[in-house]
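A.B. asks: Sharing entry_26.txt, compact mmCIF, C-alpha atoms and all ligand atoms:
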# COMPACT_ATOMS: atom_id res chain seq x y z
CA MET F 2 -37.64 23.14 21.48
CA SER F 3 -34.42 22.28 19.66
CA PHE F 4 -32.60 24.59 17.26
CA PHE F 5 -33.82 22.50 14.40
CA ASP F 6 -37.53 22.36 15.08
CA LYS F 7 -39.45 23.42 12.03
CA LYS F 8 -40.87 26.44 13.85
CA ARG F 9 -37.41 27.84 14.35
CA ALA F 10 -36.08 26.86 10.98
CA PHE F 11 -36.95 29.23 8.21
CA SER F 12 -36.72 29.07 4.51
CA SER F 13 -35.65 32.38 3.06
CA LYS F 14 -33.98 33.32 -0.19
CA LYS F 15 -30.74 33.10 1.78
CA ASP F 16 -31.31 29.36 2.21
CA GLU F 17 -31.77 28.83 -1.48
CA TRP F 18 -28.35 29.44 -3.03
CA GLU F 19 -28.91 26.57 -5.41
CA THR F 20 -25.77 24.98 -6.88
CA PRO F 21 -25.28 25.86 -10.54
CA GLN F 22 -25.32 22.78 -12.71
CA TYR F 23 -21.83 23.54 -14.15
CA ILE F 24 -20.22 23.15 -10.75
CA TYR F 25 -22.31 20.19 -9.66
CA ASP F 26 -21.56 18.30 -12.90
CA LYS F 27 -17.80 18.74 -12.54
CA LEU F 28 -17.83 17.55 -8.94
CA HIS F 29 -20.25 14.71 -9.67
CA GLN F 30 -17.94 13.43 -12.42
CA GLU F 31 -15.20 13.25 -9.84
CA PHE F 32 -17.09 11.90 -6.81
CA ASP F 33 -20.22 10.15 -8.19
CA PHE F 34 -22.51 11.51 -5.47
CA THR F 35 -25.29 9.40 -3.96
CA LEU F 36 -26.84 11.78 -1.42
CA ASP F 37 -27.91 15.44 -1.23
CA PRO F 38 -28.71 15.94 2.48
CA CYS F 39 -29.96 19.53 2.22
CA ALA F 40 -32.47 20.00 -0.52
CA SER F 41 -36.04 20.52 -1.55
CA LYS F 42 -37.90 18.34 -4.08
CA GLU F 43 -37.31 21.09 -6.63
CA ASN F 44 -33.57 21.61 -6.17
CA ALA F 45 -32.29 18.15 -5.12
CA LYS F 46 -29.10 17.20 -6.91
CA CYS F 47 -29.24 13.44 -6.20
CA LYS F 48 -31.99 10.82 -6.35
CA LYS F 49 -31.56 10.34 -2.65
CA PHE F 50 -32.06 13.58 -0.72
CA TYR F 51 -33.31 15.00 2.55
CA THR F 52 -35.49 18.06 2.91
CA ILE F 53 -36.13 20.38 5.85
CA GLU F 54 -39.00 18.08 6.85
CA ASP F 55 -36.65 15.07 7.03
CA ASP F 56 -33.96 17.24 8.65
CA GLY F 57 -30.75 16.08 6.99
CA LEU F 58 -28.85 16.92 10.16
CA LYS F 59 -30.66 14.16 12.02
CA GLN F 60 -30.13 11.50 9.35
CA ASP F 61 -27.35 8.94 9.09
CA TRP F 62 -25.17 9.52 5.98
CA SER F 63 -22.96 6.45 6.48
CA GLY F 64 -21.41 4.99 3.38
CA GLU F 65 -22.79 7.69 1.04
CA ARG F 66 -20.90 10.00 -1.27
CA VAL F 67 -22.43 13.27 -0.19
CA PHE F 68 -22.76 16.59 -1.97
CA MET F 69 -23.58 19.23 0.63
CA ASN F 70 -24.54 22.80 -0.22
CA PRO F 71 -26.15 23.69 3.11
CA PRO F 72 -28.66 26.38 4.02
CA TYR F 73 -26.93 29.67 4.82
CA GLY F 74 -29.44 31.19 7.22
CA ARG F 75 -29.47 31.66 10.96
CA TYR F 76 -31.76 30.16 13.54
CA ALA F 77 -33.77 32.78 15.43
CA GLY F 78 -31.04 35.36 14.87
CA ARG F 79 -28.49 33.11 16.50
CA LYS F 80 -25.65 30.99 15.21
CA SER F 81 -25.26 30.40 11.52
CA VAL F 82 -26.70 27.03 10.56
CA LEU F 83 -23.60 26.46 8.44
CA GLU F 84 -21.71 25.67 11.61
CA PHE F 85 -23.98 22.71 12.35
CA TRP F 86 -23.77 21.37 8.81
CA VAL F 87 -19.97 21.58 8.71
CA LYS F 88 -19.74 19.79 12.06
CA LYS F 89 -22.12 17.11 10.73
CA ALA F 90 -20.01 16.74 7.55
CA TYR F 91 -16.90 16.16 9.63
CA GLU F 92 -18.66 13.66 11.95
CA GLU F 93 -20.18 11.72 9.06
CA SER F 94 -16.79 11.54 7.33
CA LEU F 95 -15.56 9.38 10.19
CA LYS F 96 -18.04 6.69 9.06
CA TYR F 97 -16.69 5.77 5.61
CA THR F 98 -18.57 8.66 4.09
CA ILE F 99 -17.14 11.13 1.60
CA VAL F 100 -18.59 14.59 2.11
CA VAL F 101 -17.95 17.36 -0.39
CA CYS F 102 -19.19 20.74 0.83
CA LEU F 103 -19.82 23.84 -1.23
CA ILE F 104 -19.76 26.62 1.34
CA PRO F 105 -18.84 30.27 1.77
CA ALA F 106 -15.07 30.74 2.27
CA ARG F 107 -15.56 32.43 5.64
CA THR F 108 -12.13 31.49 6.85
CA ASP F 109 -12.37 33.57 10.00
CA THR F 110 -15.34 31.65 11.43
CA LEU F 111 -15.00 29.23 14.31
CA TYR F 112 -16.36 26.30 12.32
CA TRP F 113 -13.60 26.73 9.70
CA HIS F 114 -11.01 26.68 12.47
CA ASP F 115 -12.65 23.88 14.51
CA TYR F 116 -13.54 21.43 11.73
CA ILE F 117 -12.16 22.39 8.35
CA PHE F 118 -8.56 23.42 8.93
CA PRO F 119 -7.82 20.50 11.30
CA TYR F 120 -9.80 17.73 9.56
CA ALA F 121 -10.57 18.44 5.90
CA ALA F 122 -8.53 16.50 3.35
CA GLN F 123 -8.69 19.24 0.76
CA ILE F 124 -9.90 22.82 0.42
CA ARG F 125 -10.52 24.22 -3.04
CA PHE F 126 -10.83 27.99 -3.15
CA ILE F 127 -13.01 28.90 -6.10
CA LYS F 128 -11.78 31.63 -8.41
CA ARG F 129 -14.25 34.50 -8.81
CA ARG F 130 -17.75 34.44 -7.37
CA VAL F 131 -19.96 31.40 -7.91
CA ARG F 132 -23.09 32.11 -9.91
CA PHE F 133 -25.71 30.44 -7.74
CA ILE F 134 -29.30 29.96 -8.82
CA THR F 135 -31.69 32.20 -6.91
CA ASP F 136 -35.28 32.65 -8.08
CA GLY F 137 -34.47 30.54 -11.14
CA LYS F 138 -31.70 32.89 -12.33
CA LEU F 139 -27.91 32.65 -12.16
CA ASP F 140 -26.65 35.39 -9.86
CA ASN F 141 -23.13 36.19 -8.62
CA ALA F 142 -22.82 35.39 -4.92
CA PRO F 143 -21.91 38.30 -2.64
CA PHE F 144 -19.30 36.05 -0.97
CA ALA F 145 -16.34 33.87 -1.92
CA SER F 146 -16.91 30.10 -1.98
CA ALA F 147 -14.87 26.99 -1.38
CA VAL F 148 -15.27 23.27 -1.92
CA VAL F 149 -14.22 21.34 1.18
CA LEU F 150 -13.58 17.61 1.06
CA PHE F 151 -13.90 15.43 4.16
CA ASN F 152 -12.91 11.79 3.81
CA ARG F 153 -11.20 11.17 7.09
CA GLY F 154 -12.63 7.70 7.77
CA PHE F 155 -11.00 6.28 4.66
CA SER F 156 -7.68 4.60 4.21
CA GLU F 157 -4.96 5.82 1.85
CA SER F 158 -6.75 4.00 -0.98
CA VAL F 159 -9.16 6.94 -1.28
CA GLU F 160 -7.29 10.05 -2.35
CA PRO F 161 -6.62 12.59 -1.05
CA PHE F 162 -6.62 11.01 2.39
CA ARG F 163 -5.07 13.10 5.11
CA ASN F 164 -4.20 12.20 8.60
CA ASP F 165 -2.02 14.65 10.44
CA GLU F 166 -0.74 16.87 7.68
CA VAL F 167 -2.39 20.17 6.89
CA ALA F 168 -5.24 20.18 4.38
CA GLN F 169 -4.26 20.42 0.75
CA CYS F 170 -5.30 23.85 -0.58
CA LEU F 171 -6.03 24.41 -4.25
CA SER F 172 -7.19 27.26 -6.40
CA VAL F 173 -9.89 26.08 -8.83
CA ASP F 174 -11.69 27.66 -11.73
CA TYR F 175 -15.03 25.98 -12.40
CA ARG F 176 -16.18 28.28 -15.21
C1 LIG F 201 -28.31 26.15 -0.45
S1 LIG F 201 -29.76 25.20 -0.79
C2 LIG F 201 -29.04 23.86 -1.72
C3 LIG F 201 -30.05 23.15 -2.58
C4 LIG F 201 -29.49 21.98 -3.40
N1 LIG F 201 -29.07 20.91 -2.55
C5 LIG F 201 -28.37 22.44 -4.29
O1 LIG F 201 -27.22 22.08 -4.03
O2 LIG F 201 -28.64 23.17 -5.24
C6 LIG F 201 -30.05 24.47 0.81
C7 LIG F 201 -31.32 23.64 0.87
O3 LIG F 201 -31.40 23.00 2.15
C8 LIG F 201 -32.76 22.95 2.55
N2 LIG F 201 -32.78 22.76 4.00
C9 LIG F 201 -32.86 23.71 4.98
N3 LIG F 201 -32.81 23.12 6.19
C10 LIG F 201 -32.72 21.78 5.97
C11 LIG F 201 -32.64 20.65 6.83
N4 LIG F 201 -32.66 20.79 8.16
N5 LIG F 201 -32.54 19.41 6.27
C12 LIG F 201 -32.51 19.28 4.92
N6 LIG F 201 -32.60 20.31 4.07
C13 LIG F 201 -32.69 21.54 4.58
C14 LIG F 201 -33.32 24.27 2.05
O4 LIG F 201 -34.71 24.19 1.92
C15 LIG F 201 -32.61 24.43 0.71
O5 LIG F 201 -33.36 23.86 -0.32
Please, can you express the file's structure as structure tokens?

C.D. replies:
Amino acid sequence: MSFFDKKRAFSSKKDEWETPQYIYDKLHQEFDFTLDPCASKENAKCKKFYTIEDDGLKQDWSGERVFMNPPYGRYAGRKSVLEFWVKKAYEESLKYTIVVCLIPARTDTLYWHDYIFPYAAQIRFIKRRVRFITDGKLDNAPFASAVVLFNRGFSESVEPFRNDEVAQCLSVDYR
């Protein structure tokens, strides 16, 4: 059985840190998203979306402009699923895909060091805690968040492209 079989995957409140509309709208204005690869019918941010049944990790995101706020849980008490989504975001970005991730700013984790610091074009550290939607209400997250932009497969015509330099780091206030 793979890590991502439905039996292993679980949907808990921890998976459902739904993006507040104020942040999504600002990012959508900038990137004009076409795909939400981790969603439910109720919380999908784009017309095109994948749910746990489709398994967004197994889909091809080529050519899309992706908004990714992944599930935050763990599989069977093991690795954080975030690690697999961040790896997927990086891999898809090599295929003319822009992937914008809203994720916890857990800068000590291996996936930040393996995929984000070496390959992200831009990291935006969000001022204050994001008010995510949980159970239909806006609630301050108990963690810091960042927006990470992967666009590595693109040429210089898509800004901010980065090749070998370090990722551009910004402080942003979305409120
Ligand atoms: C943090 S919520 C984000 C919801 C929404 N996309 C947003 O930005 O508000 C993560 C969503 O991913 C869904 N999910 C969990 N595993 C998934 C998978 N393997 N493929 C696609 N979606 C998945 C969860 O059900 C949950 O709705």

A.B. asks: Every residue with an atom at most 10 Å from (-36.6, 23.7, -4.2) (file coordinates; only C-alpha atoms) is what I'm after, so could you write them as a list in words?

C.D. replies: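 The distance filter leaves exactly Glu17, Glu19, Ala40, Ser41, Lys42, Glu43, Asn44, Ala45, Thr52, Asp136 and Gly137 of chain F.
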
A.B. asks: Write out as a PyMOL selection string each polymer residue (protein, DNA or RNA) that has an atom no more than 7 Å from ligand LIG 201 (chain F), with all atoms listed in the file counted.

C.D. replies: chain F and resi 5+10+12+16-21+37-41+44-46+51-58+69-73

A.B. asks: Distance CA of Phe118 in chain F-CA of Lys88 in chain F, one decimal place?

C.D. replies: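 About the pair CA of Phe118 in chain F and CA of Lys88 in chain F: they are 12.2 Å apart.
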
A.B. asks: Rounded to one decimal in Å, what is the spacing between CA of Phe144 in chain F and CA of Ala106 in chain F?

C.D. replies: 7.5 Å

A.B. asks: Could you tell me how far CA of Val149 in chain F sits from CA of Ala122 in chain F, in Å to one decimal place?

C.D. replies: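 CA of Val149 in chain F lies 7.8 Å from CA of Ala122 in chain F.
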
A.B. asks: Rank F:Asn141, F:Gln169, F:Gln30, F:Thr110 by their smallest atom-to-atom distance to Arg125 in chain F, using only C-alpha atoms, and report the top residue only.

C.D. replies: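 Smallest distance to Arg125 in chain F is found for F:Gln169.
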
A.B. asks: Give the answer as one residue: which of F:Phe50, F:Tyr91, F:Phe151, F:Trp86 has the shortest atom-to-atom distance to Gln123 in chain F, using only C-alpha atoms?

C.D. replies: F:Phe151

A.B. asks: Rank nothing, just name the residue among F:Leu103, F:Leu83, F:Gln22, F:Leu95 nearest to Lys138 in chain F, using all atoms listed in the file.

C.D. replies: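 Distance minimum relative to Lys138 in chain F lands on F:Gln22.
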
A.B. asks: Considering only C-alpha atoms, return as a PyMOL selection string whatever protein or nucleic-acid residues lie within 10 Å of range 23-25 of chain F, sequence-local ones (same chain, fewer than 2 positions apart) excluded.

C.D. replies: chain F and resi 20-21+27-31+34+46+68+103+131-133+174-176
